[in-house]
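Presented below is the structure to which this report refers.
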Amino acid sequence: MSGNAKVAVSPERLREFFHPRNVALIGATDKSMWSVFTYKNLKIMNFSGEIYCVNPNRDVVHGQKAYHSLLDIEDSIDLAYVMVPSSHIMQVMKEAAAKKIRNLVLLTAGFSELGEAGQKLEQELLAFAKEHDQLILGPNGNGFVNVTSSLTPYGLPITPPLKAGPVGVVLQSGALASSIMTLAQVRNVGLSFLVAMGNETMISATDIIDYLIEDESTKVIALFLESIRQPEEFARVAKKALQYGKPIVALKIGRSEKSAHTAMAHTGALVGDDAVNDAAFRQLGVIRVNSLEDLLTTAGLLGYTPPLYGRRMGVVTPSGGACDILSDRSADEKIELPEFSPQTVQALKEIVPSFSTVHNPLDVTGYVVVDRTLMRRALAAVSKDPELDFIISLVDPPRVEPEDVAPVYEQYEELSKIVNNAACPIILVMNTSLEMTPFGQKVADKYGLHFVGGMEHGLTALGKAVWWNEKYRANKVSAAKKAQPVAELSIDVAGGEWSEYQARKFLEEHGVPVVPGLLAAKLDEAIAAAEQVGYPVAMKIQSEDIAHKSDIGGVKLGLASEAEVADAYQEILANVQKRAPGSRIEGILVSPMRPAGTELLVGIVNDPLWGQVLAVGIGGVFVEVFKDSSLRVLPVERDEIMTMLEELRGLPLLKGTRGRVAADLEKVTDAIYKVSQLAYSAKQSLQELEINPLWVHGGQVEALDALMKWKQTDRVVSP
């Protein structure tokens, strides 16, 4: 679609686009609410520049002079906001070019979203804009809201006031923009910028992200994504954001699982479209959330809170029930609740009532009704604890303005002093996600306090924020290391699936540890092979035409004698003739049996969006039952593979639980890393690869079975 057509759009050019000194409303009319809203929005935000209304059939629009054409306006125009029907759009574009207008917002719909005819018109629009150095936001978009600079050429109603703040918002949905602004208002989260993308014909979501990364007023970027149209560009700007220390929080819709295209490998059951998106986001340091509430709450927390360096949290609340809720949610988010230091315990015992038990989380009890200083004094004591990385205090902002505001102001002024002077960050969390009243917002703004909306969303946001800070610090360390480039490997293959013997031989030649195996084309060769590798042995039919050998009786295990090998050889051939007649037989592979160990799956599949994906999981026959896997988009560094192993629920099996032999995780990581490097080097030819199982027993790591499939191609190049 036309949104895939990439035009170089720099942050510098977008700074010009989003800071116009004047605006022309083309197609302005009192009969259209789009026009009415856009005009009012510019006025209520006190836009200081001129607003020109253009309508060929009216002399007055919105109570001011209307121009019949852009060409009738004597002044130069910085931004054209276009609301004419799609059938008139090219005429407007030509007038804008004649007027040397470089920046246009196209509210107009009726392009690629309507099908082939609209797509053709959109391509004509794009070609014309490129030729005349014009930059287009849209079409089929509502415009933008530059809160920091009070610029609001935006086509839906905005209810003032809009609070300026640290969160920039990029949405691939026009209708949700108003909901986000309303949510930000009632949660007292300040926005720096908001844009509804429309069709992304020229300016893409990734262009806006790039702009916001370099925007000094934006500290965190919130995204609502329907699709990732340019994965390479998305990866580039996400890495840039992480480098700049600007978190990206994304609500990506489309989480419904779709199995991968392949049916021949177990890996396909583990890799779905959304699972790959999730893995890519984790690799890139993008925080993923599942609701608009979490999107704004998490972005707000990151925008207003200092970095959270660690997972040790202290809790101060006036409620035992809240302590229980926060304890449960902390466990969910893998946030620790260490005991207070002895000096903190001693200090608290002198503050809280005698019937309060001093531990973390701390319930200062309902005595706060009697002593209004109790919470603040307890929080001040906990804020000095050297064993804590951050603290949350459960406190609500005031709701109703009393006749005498002095005591309220004094209370929150003291709270502000504690927050600002604490040895570690203090996060103020409300009991629930109620909207903040105007008086509550007034007090919060007066004393520079940010209140996170509710325990549920608040703890979700905290878990995400802690994770992001860990990712940010790890990225700084890894950036200092020079990644080794992966040389491209040309494969002399015309395509199709290899037998296990071929796949194992290929892996072994490229440094992947593989169990020994000999191919037997005759019975006497099978017996000799068994003698050579050592009893007991496993025997498997080898054929490029048979993907699932065990399903047709082509596998025999635990053969301990010459007689058993002879019987198994005859039985395997008989089973193949009966259940897979016509298969091209390469021979029977004879390998030594291995003792019980931990079985892993290591697979590579090609995702249509992100490319090669590495899956590591608990393998063997139960791989699709447990579905315990971790995914990454290639290429990956060795440290990332160790992290993948640590993400598995079955990690205790590798660490030697219940008397099992503990695996040498360094050797396991090395083996998987070699597989990933080999796959990435052969990415032009490789369709999929699966090792199941990768057998692990202490320091022994071997591929016991392997499957490889190559892309069909006419290009055959010798390595």
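Here, A, B, ... name the chains of the structure tokens in the order displayed, residue numbers run from 1 inside each chain, and ligands are numbered from 1 in the same displayed order.
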Within 9 Å of Val315 in chain A, counting only C-alpha atoms, which residues qualify if same-chain residues fewer than 6 places away don't, as a list in words?
Cys323, Leu326, Leu337, Asn360, Pro361, Leu362, Asp363, Leu379, Val382, Phe390, Ile391, Ile392, Ser393 and Leu394 of chain A
For range 275-291 of chain A, list every protein, DNA or RNA residue within 9 Å, evaluated using only C-alpha atoms, and leave out those in the same chain fewer than 4 positions away; present the list as a PyMOL selection string.
chain A and resi 235-236+238-239+241-242+247-253+255+257+270-271+295-296+298+460-461+464-465+467-468+471-472+475+607+609-610+613+630-633+636+640
Using DSSP on the backbone coordinates, identify all residues within range 1-201 of chain A classified as strand (DSSP E); present the result as JSON, numbers by chain.
{"A": [23, 24, 25, 26, 51, 52, 53, 54, 60, 61, 64, 65, 66, 67, 79, 80, 81, 82, 103, 104, 105, 106, 135, 136, 137, 143, 144, 145, 164, 165, 166, 167, 168, 169, 170, 171, 191, 192, 193, 194, 195, 196]}
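Nearest to Ala177 in chain A of all the residues A:Asn469, A:Ala8, A:Leu156, A:Ala117 is A:Leu156, counting only C-alpha atoms.
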Taken to one decimal, the CA of Lys31 in chain A-CA of Asp59 in chain A distance is 14.1 Å
For the structure I just gave you, how does DSSP split range 155-356 of chain A - specifically, which residues are alpha helix (DSSP H)? Reply as a PyMOL selection string.
chain A and resi 175-187+205-213+231-244+267-270+273-284+292-304+320-332+342-349
Spatial neighbours of Asp445 in chain A, 12 Å, only C-alpha atoms, chain gap at least 2 places, as a compact mmCIF listing (two decimals) with C-alpha atoms, in the first residue's frame:
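Saved as selection.txt:
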# COMPACT_ATOMS: atom_id res chain seq x y z
CA LYS A 163 -1.51 20.49 30.10
CA ALA A 164 1.95 20.60 28.59
CA GLY A 165 4.24 17.84 29.79
CA ASN A 188 -3.18 15.15 34.96
CA VAL A 189 -0.57 13.77 32.57
CA GLY A 190 1.00 16.51 30.48
CA TYR A 304 7.64 12.30 35.77
CA PRO A 397 -4.70 14.03 45.94
CA TYR A 409 -1.49 23.28 51.00
CA TYR A 412 1.12 18.61 50.24
CA GLU A 413 3.94 21.11 50.51
CA SER A 416 6.67 17.59 48.18
CA MET A 436 -8.31 13.85 39.44
CA PRO A 438 -9.57 20.33 39.15
CA PHE A 439 -8.61 21.14 42.75
CA GLY A 440 -6.53 17.96 43.02
CA GLN A 441 -4.74 18.89 39.79
CA LYS A 442 -4.18 22.42 41.05
CA VAL A 443 -2.51 21.16 44.23
CA TYR A 447 3.85 21.42 44.40
CA GLY A 448 5.20 19.47 41.42
CA LEU A 449 3.65 16.14 42.42
CA HIS A 450 2.64 13.33 40.08
CA PHE A 451 -0.02 10.86 41.22
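Residue nearest Lys130 in chain A, chosen from A:Val9, A:Ser179, A:Phe111, A:Lys578 and counting only C-alpha atoms: A:Val9.
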Distance criterion (only C-alpha atoms): nearest to Leu374 in chain A out of A:Glu531, A:Asp72, A:Asp78, A:Glu350
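Under the stated criterion, the closest residue is A:Glu350.
Within 7 Å of range 554-570 of chain A there are Leu523, Ile527, Tyr535, Pro536, Val537, Ala538, Met539, Lys540, Ile541, Lys549, Ser550, Ile552, Ile572, Leu573, Ala574, Asn575, Val576 and Met593 of chain A, counting only C-alpha atoms and ignoring same-chain residues fewer than 2 positions away.
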Need the shell around range 205-222 of chain A: protein/DNA/RNA residues with any atom at most 8 Å away, counting only C-alpha atoms. Skip same-chain ones fewer than 5 positions apart. Format as a PDB file with N, CA, C and O atoms, in the first residue's frame?
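Here's the written file part.pdb:
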ATOM      1  N   VAL A   9      12.344  11.883   5.559  1.00  0.00           N
ATOM      2  CA  VAL A   9      11.749  12.960   6.348  1.00  0.00           C
ATOM      3  C   VAL A   9      12.596  13.111   7.605  1.00  0.00           C
ATOM      4  O   VAL A   9      12.600  12.239   8.462  1.00  0.00           O
ATOM      5  N   SER A  10      13.311  14.209   7.704  1.00  0.00           N
ATOM      6  CA  SER A  10      14.233  14.392   8.821  1.00  0.00           C
ATOM      7  C   SER A  10      13.539  15.063   9.997  1.00  0.00           C
ATOM      8  O   SER A  10      12.536  15.775   9.820  1.00  0.00           O
ATOM      9  N   PRO A  11      14.061  14.875  11.212  1.00  0.00           N
ATOM     10  CA  PRO A  11      13.521  15.613  12.359  1.00  0.00           C
ATOM     11  C   PRO A  11      13.583  17.122  12.159  1.00  0.00           C
ATOM     12  O   PRO A  11      12.684  17.846  12.615  1.00  0.00           O
ATOM     13  N   GLU A  12      14.620  17.594  11.469  1.00  0.00           N
ATOM     14  CA  GLU A  12      14.736  19.038  11.223  1.00  0.00           C
ATOM     15  C   GLU A  12      13.571  19.532  10.364  1.00  0.00           C
ATOM     16  O   GLU A  12      12.983  20.588  10.654  1.00  0.00           O
ATOM     17  N   LEU A  14      10.660  18.150  10.118  1.00  0.00           N
ATOM     18  CA  LEU A  14       9.419  18.053  10.891  1.00  0.00           C
ATOM     19  C   LEU A  14       9.314  19.158  11.933  1.00  0.00           C
ATOM     20  O   LEU A  14       8.201  19.577  12.277  1.00  0.00           O
ATOM     21  N   ARG A  15      10.435  19.650  12.445  1.00  0.00           N
ATOM     22  CA  ARG A  15      10.371  20.789  13.368  1.00  0.00           C
ATOM     23  C   ARG A  15       9.752  22.001  12.675  1.00  0.00           C
ATOM     24  O   ARG A  15       8.958  22.740  13.265  1.00  0.00           O
ATOM     25  N   THR A 148       3.100  21.803  23.603  1.00  0.00           N
ATOM     26  CA  THR A 148       4.185  22.633  24.124  1.00  0.00           C
ATOM     27  C   THR A 148       4.165  24.024  23.515  1.00  0.00           C
ATOM     28  O   THR A 148       4.405  25.021  24.205  1.00  0.00           O
ATOM     29  N   GLY A 165       3.467  18.748  28.956  1.00  0.00           N
ATOM     30  CA  GLY A 165       4.240  17.843  29.791  1.00  0.00           C
ATOM     31  C   GLY A 165       5.156  16.964  28.973  1.00  0.00           C
ATOM     32  O   GLY A 165       5.438  17.233  27.807  1.00  0.00           O
ATOM     33  N   PRO A 166       5.617  15.847  29.548  1.00  0.00           N
ATOM     34  CA  PRO A 166       6.717  15.087  28.958  1.00  0.00           C
ATOM     35  C   PRO A 166       6.341  14.008  27.963  1.00  0.00           C
ATOM     36  O   PRO A 166       7.215  13.360  27.404  1.00  0.00           O
ATOM     37  N   VAL A 167       5.045  13.750  27.719  1.00  0.00           N
ATOM     38  CA  VAL A 167       4.632  12.584  26.939  1.00  0.00           C
ATOM     39  C   VAL A 167       4.244  12.985  25.519  1.00  0.00           C
ATOM     40  O   VAL A 167       3.316  13.780  25.317  1.00  0.00           O
ATOM     41  N   GLY A 168       4.951  12.427  24.533  1.00  0.00           N
ATOM     42  CA  GLY A 168       4.574  12.581  23.137  1.00  0.00           C
ATOM     43  C   GLY A 168       3.788  11.374  22.681  1.00  0.00           C
ATOM     44  O   GLY A 168       4.130  10.243  23.021  1.00  0.00           O
ATOM     45  N   VAL A 169       2.727  11.576  21.912  1.00  0.00           N
ATOM     46  CA  VAL A 169       1.805  10.504  21.545  1.00  0.00           C
ATOM     47  C   VAL A 169       1.698  10.403  20.026  1.00  0.00           C
ATOM     48  O   VAL A 169       1.475  11.402  19.337  1.00  0.00           O
ATOM     49  N   VAL A 170       1.849   9.181  19.515  1.00  0.00           N
ATOM     50  CA  VAL A 170       1.720   8.901  18.081  1.00  0.00           C
ATOM     51  C   VAL A 170       0.674   7.806  17.919  1.00  0.00           C
ATOM     52  O   VAL A 170       0.810   6.724  18.505  1.00  0.00           O
ATOM     53  N   LEU A 171      -0.382   8.079  17.129  1.00  0.00           N
ATOM     54  CA  LEU A 171      -1.483   7.137  17.010  1.00  0.00           C
ATOM     55  C   LEU A 171      -1.787   6.802  15.561  1.00  0.00           C
ATOM     56  O   LEU A 171      -1.867   7.696  14.718  1.00  0.00           O
ATOM     57  N   GLN A 172      -1.975   5.509  15.302  1.00  0.00           N
ATOM     58  CA  GLN A 172      -2.491   5.072  14.000  1.00  0.00           C
ATOM     59  C   GLN A 172      -4.002   4.905  14.102  1.00  0.00           C
ATOM     60  O   GLN A 172      -4.573   3.963  13.579  1.00  0.00           O
ATOM     61  N   SER A 192       3.390  16.608  25.389  1.00  0.00           N
ATOM     62  CA  SER A 192       4.203  17.536  24.605  1.00  0.00           C
ATOM     63  C   SER A 192       3.654  17.670  23.194  1.00  0.00           C
ATOM     64  O   SER A 192       3.686  18.753  22.604  1.00  0.00           O
ATOM     65  N   PHE A 193       3.134  16.546  22.678  1.00  0.00           N
ATOM     66  CA  PHE A 193       2.762  16.497  21.260  1.00  0.00           C
ATOM     67  C   PHE A 193       1.849  15.296  21.053  1.00  0.00           C
ATOM     68  O   PHE A 193       1.993  14.271  21.725  1.00  0.00           O
ATOM     69  N   MET A 197      -1.968   9.695  12.604  1.00  0.00           N
ATOM     70  CA  MET A 197      -1.149   9.532  11.405  1.00  0.00           C
ATOM     71  C   MET A 197      -1.928   9.505  10.096  1.00  0.00           C
ATOM     72  O   MET A 197      -1.404   9.892   9.058  1.00  0.00           O
ATOM     73  N   GLU A 200      -0.353   7.648   6.322  1.00  0.00           N
ATOM     74  CA  GLU A 200       1.117   7.634   6.342  1.00  0.00           C
ATOM     75  C   GLU A 200       1.710   7.606   4.927  1.00  0.00           C
ATOM     76  O   GLU A 200       2.676   6.897   4.652  1.00  0.00           O
ATOM     77  N   GLN A 230       7.071  -0.446   8.517  1.00  0.00           N
ATOM     78  CA  GLN A 230       8.481  -0.388   8.117  1.00  0.00           C
ATOM     79  C   GLN A 230       9.329  -0.944   9.264  1.00  0.00           C
ATOM     80  O   GLN A 230       9.873  -0.192  10.073  1.00  0.00           O
ATOM     81  N   GLU A 233      12.905   0.469   9.749  1.00  0.00           N
ATOM     82  CA  GLU A 233      12.891   1.832  10.262  1.00  0.00           C
ATOM     83  C   GLU A 233      12.449   1.861  11.723  1.00  0.00           C
ATOM     84  O   GLU A 233      12.981   2.626  12.536  1.00  0.00           O
ATOM     85  N   PHE A 234      11.461   1.030  12.055  1.00  0.00           N
ATOM     86  CA  PHE A 234      11.000   0.970  13.444  1.00  0.00           C
ATOM     87  C   PHE A 234      12.145   0.529  14.344  1.00  0.00           C
ATOM     88  O   PHE A 234      12.355   1.091  15.430  1.00  0.00           O
ATOM     89  N   VAL A 237      14.704   3.480  14.822  1.00  0.00           N
ATOM     90  CA  VAL A 237      14.334   4.559  15.740  1.00  0.00           C
ATOM     91  C   VAL A 237      14.179   4.046  17.170  1.00  0.00           C
ATOM     92  O   VAL A 237      14.440   4.787  18.132  1.00  0.00           O
ATOM     93  N   LYS A 240      17.566   4.015  18.526  1.00  0.00           N
ATOM     94  CA  LYS A 240      17.971   5.404  18.760  1.00  0.00           C
ATOM     95  C   LYS A 240      17.340   5.936  20.049  1.00  0.00           C
ATOM     96  O   LYS A 240      18.006   6.613  20.847  1.00  0.00           O
ATOM     97  N   ALA A 241      16.069   5.630  20.270  1.00  0.00           N
ATOM     98  CA  ALA A 241      15.383   6.076  21.486  1.00  0.00           C
ATOM     99  C   ALA A 241      16.057   5.502  22.728  1.00  0.00           C
ATOM    100  O   ALA A 241      16.248   6.204  23.732  1.00  0.00           O
ATOM    101  N   TYR A 244      19.216   7.333  23.371  1.00  0.00           N
ATOM    102  CA  TYR A 244      18.964   8.663  23.912  1.00  0.00           C
ATOM    103  C   TYR A 244      18.365   8.618  25.325  1.00  0.00           C
ATOM    104  O   TYR A 244      18.240   9.659  25.978  1.00  0.00           O
ATOM    105  N   LYS A 246      15.209   7.644  25.961  1.00  0.00           N
ATOM    106  CA  LYS A 246      13.790   8.018  25.892  1.00  0.00           C
ATOM    107  C   LYS A 246      12.945   6.761  25.737  1.00  0.00           C
ATOM    108  O   LYS A 246      12.969   6.118  24.678  1.00  0.00           O
ATOM    109  N   PRO A 247      12.186   6.391  26.760  1.00  0.00           N
ATOM    110  CA  PRO A 247      11.365   5.180  26.668  1.00  0.00           C
ATOM    111  C   PRO A 247      10.286   5.305  25.604  1.00  0.00           C
ATOM    112  O   PRO A 247       9.708   6.380  25.399  1.00  0.00           O
ATOM    113  N   ILE A 248      10.023   4.190  24.930  1.00  0.00           N
ATOM    114  CA  ILE A 248       8.874   4.069  24.030  1.00  0.00           C
ATOM    115  C   ILE A 248       7.909   3.078  24.661  1.00  0.00           C
ATOM    116  O   ILE A 248       8.280   1.945  24.990  1.00  0.00           O
ATOM    117  N   VAL A 249       6.662   3.505  24.848  1.00  0.00           N
ATOM    118  CA  VAL A 249       5.603   2.647  25.375  1.00  0.00           C
ATOM    119  C   VAL A 249       4.608   2.427  24.248  1.00  0.00           C
ATOM    120  O   VAL A 249       4.132   3.389  23.649  1.00  0.00           O
ATOM    121  N   ALA A 250       4.304   1.165  23.940  1.00  0.00           N
ATOM    122  CA  ALA A 250       3.485   0.867  22.756  1.00  0.00           C
ATOM    123  C   ALA A 250       2.299  -0.016  23.108  1.00  0.00           C
ATOM    124  O   ALA A 250       2.448  -1.033  23.792  1.00  0.00           O
ATOM    125  N   LEU A 295      -1.137   2.437  28.826  1.00  0.00           N
ATOM    126  CA  LEU A 295      -0.304   3.228  27.927  1.00  0.00           C
ATOM    127  C   LEU A 295      -0.001   4.583  28.546  1.00  0.00           C
ATOM    128  O   LEU A 295       1.166   5.004  28.633  1.00  0.00           O
ATOM    129  N   LEU A 296      -1.035   5.278  28.996  1.00  0.00           N
ATOM    130  CA  LEU A 296      -0.834   6.620  29.524  1.00  0.00           C
ATOM    131  C   LEU A 296      -0.244   6.593  30.930  1.00  0.00           C
ATOM    132  O   LEU A 296       0.603   7.422  31.279  1.00  0.00           O
ATOM    133  N   ALA A 299       3.502   5.694  30.543  1.00  0.00           N
ATOM    134  CA  ALA A 299       4.216   6.826  29.958  1.00  0.00           C
ATOM    135  C   ALA A 299       4.325   7.969  30.961  1.00  0.00           C
ATOM    136  O   ALA A 299       5.382   8.609  31.082  1.00  0.00           O
ATOM    137  N   LEU A 302       6.984   7.174  33.674  1.00  0.00           N
ATOM    138  CA  LEU A 302       8.335   7.330  33.147  1.00  0.00           C
ATOM    139  C   LEU A 302       8.678   8.794  32.874  1.00  0.00           C
ATOM    140  O   LEU A 302       9.837   9.194  32.985  1.00  0.00           O
ATOM    141  N   GLY A 303       7.674   9.573  32.521  1.00  0.00           N
ATOM    142  CA  GLY A 303       7.916  10.982  32.225  1.00  0.00           C
ATOM    143  C   GLY A 303       8.160  11.836  33.443  1.00  0.00           C
ATOM    144  O   GLY A 303       8.893  12.828  33.379  1.00  0.00           O
TER     145      GLY A 303
END
Taken to one decimal, the CA of Ala444 in chain A-CA of Asp404 in chain A distance is 17.3 Å
Using only C-alpha atoms, which of A:Val668, A:Ala28, A:Ala381, A:Ile203 sits nearest Ala423 in chain A?
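Closest candidate: A:Ala381.
Shortest separation to His359 in chain A among A:Glu50, A:Pro342, A:Leu104, A:Val23 occurs at residue A:Pro342, atoms counted being only C-alpha atoms.
Comparing A:Glu508, A:Glu226, A:Asp385, A:Glu586 by their smallest distance to Val345 in chain A, the closest is A:Asp385 (using only C-alpha atoms).
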Which value, in Å to one decimal, gives the distance between CA of Met33 in chain A and CA of Gly155 in chain A?
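Those two atoms sit 8.2 Å apart.
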